[in-house]
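Have a look at the structure below, then the notes.
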Amino acid sequence: MLQVYSLDKTLEELEKNLIVTSYTKFRNTRKVAHQLSISQSKASRLVRKYCKDLDLYN
């Protein structure tokens with residue numbers, strides 16, 4: 001059965017997936033920011049939000 005999510009929930013999951021994938025690849029918020037065309041401060045905030053449980057995050 002198809003599960004329906006709200007637009008906000010779907011966008012948050014997509015954002016999380018992009019951040020985790022980019023941070024796993026680059027391990028650097030400046031490179032994540034450049035890759036995703038966002039500011040470094042926003043990348044840093046999102047990495048803290050979504051990657052704190054990863055072994056890569058210090």
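Residue numbering restarts at 1 in every chain; chains get A, B, ... in the order shown in the structure tokens, and ligands count up from 1 in that same order.
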
Which residues are close to segment 29-40 of chain A, i.e. within 10 Å by only C-alpha atoms, leaving aside same-chain residues fewer than 6 positions away? Reply as a list in words. Leu18, Ile19, Val20, Thr21, Ser22, Tyr23, Leu46, Val47 and Arg48 of chain A

Could you take the residues named above and write them with C-alpha atoms, as a CSV table (one decimal), in the first residue's frame?
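Generated output (selection.csv):
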chain,number,residue,atom,x,y,z
A,18,LEU,CA,21.1,15.1,0.5
A,19,ILE,CA,23.0,16.4,3.6
A,20,VAL,CA,23.9,12.9,4.9
A,21,THR,CA,25.1,11.8,1.4
A,22,SER,CA,27.1,14.9,0.8
A,23,TYR,CA,28.7,15.0,4.3
A,46,LEU,CA,22.0,21.0,8.7
A,47,VAL,CA,25.1,18.7,9.3
A,48,ARG,CA,24.7,19.2,13.0

Coordinates-based distance that separates atom CA of Cys51 of chain A from atom CA of Asn17 of chain A (Å, one decimal): 10.2 Å

Identify all residues of chain A in helix (DSSP H, G or I) (DSSP on the backbone) and supply them as a PyMOL selection string. chain A and resi 7-26+29-36+40-50
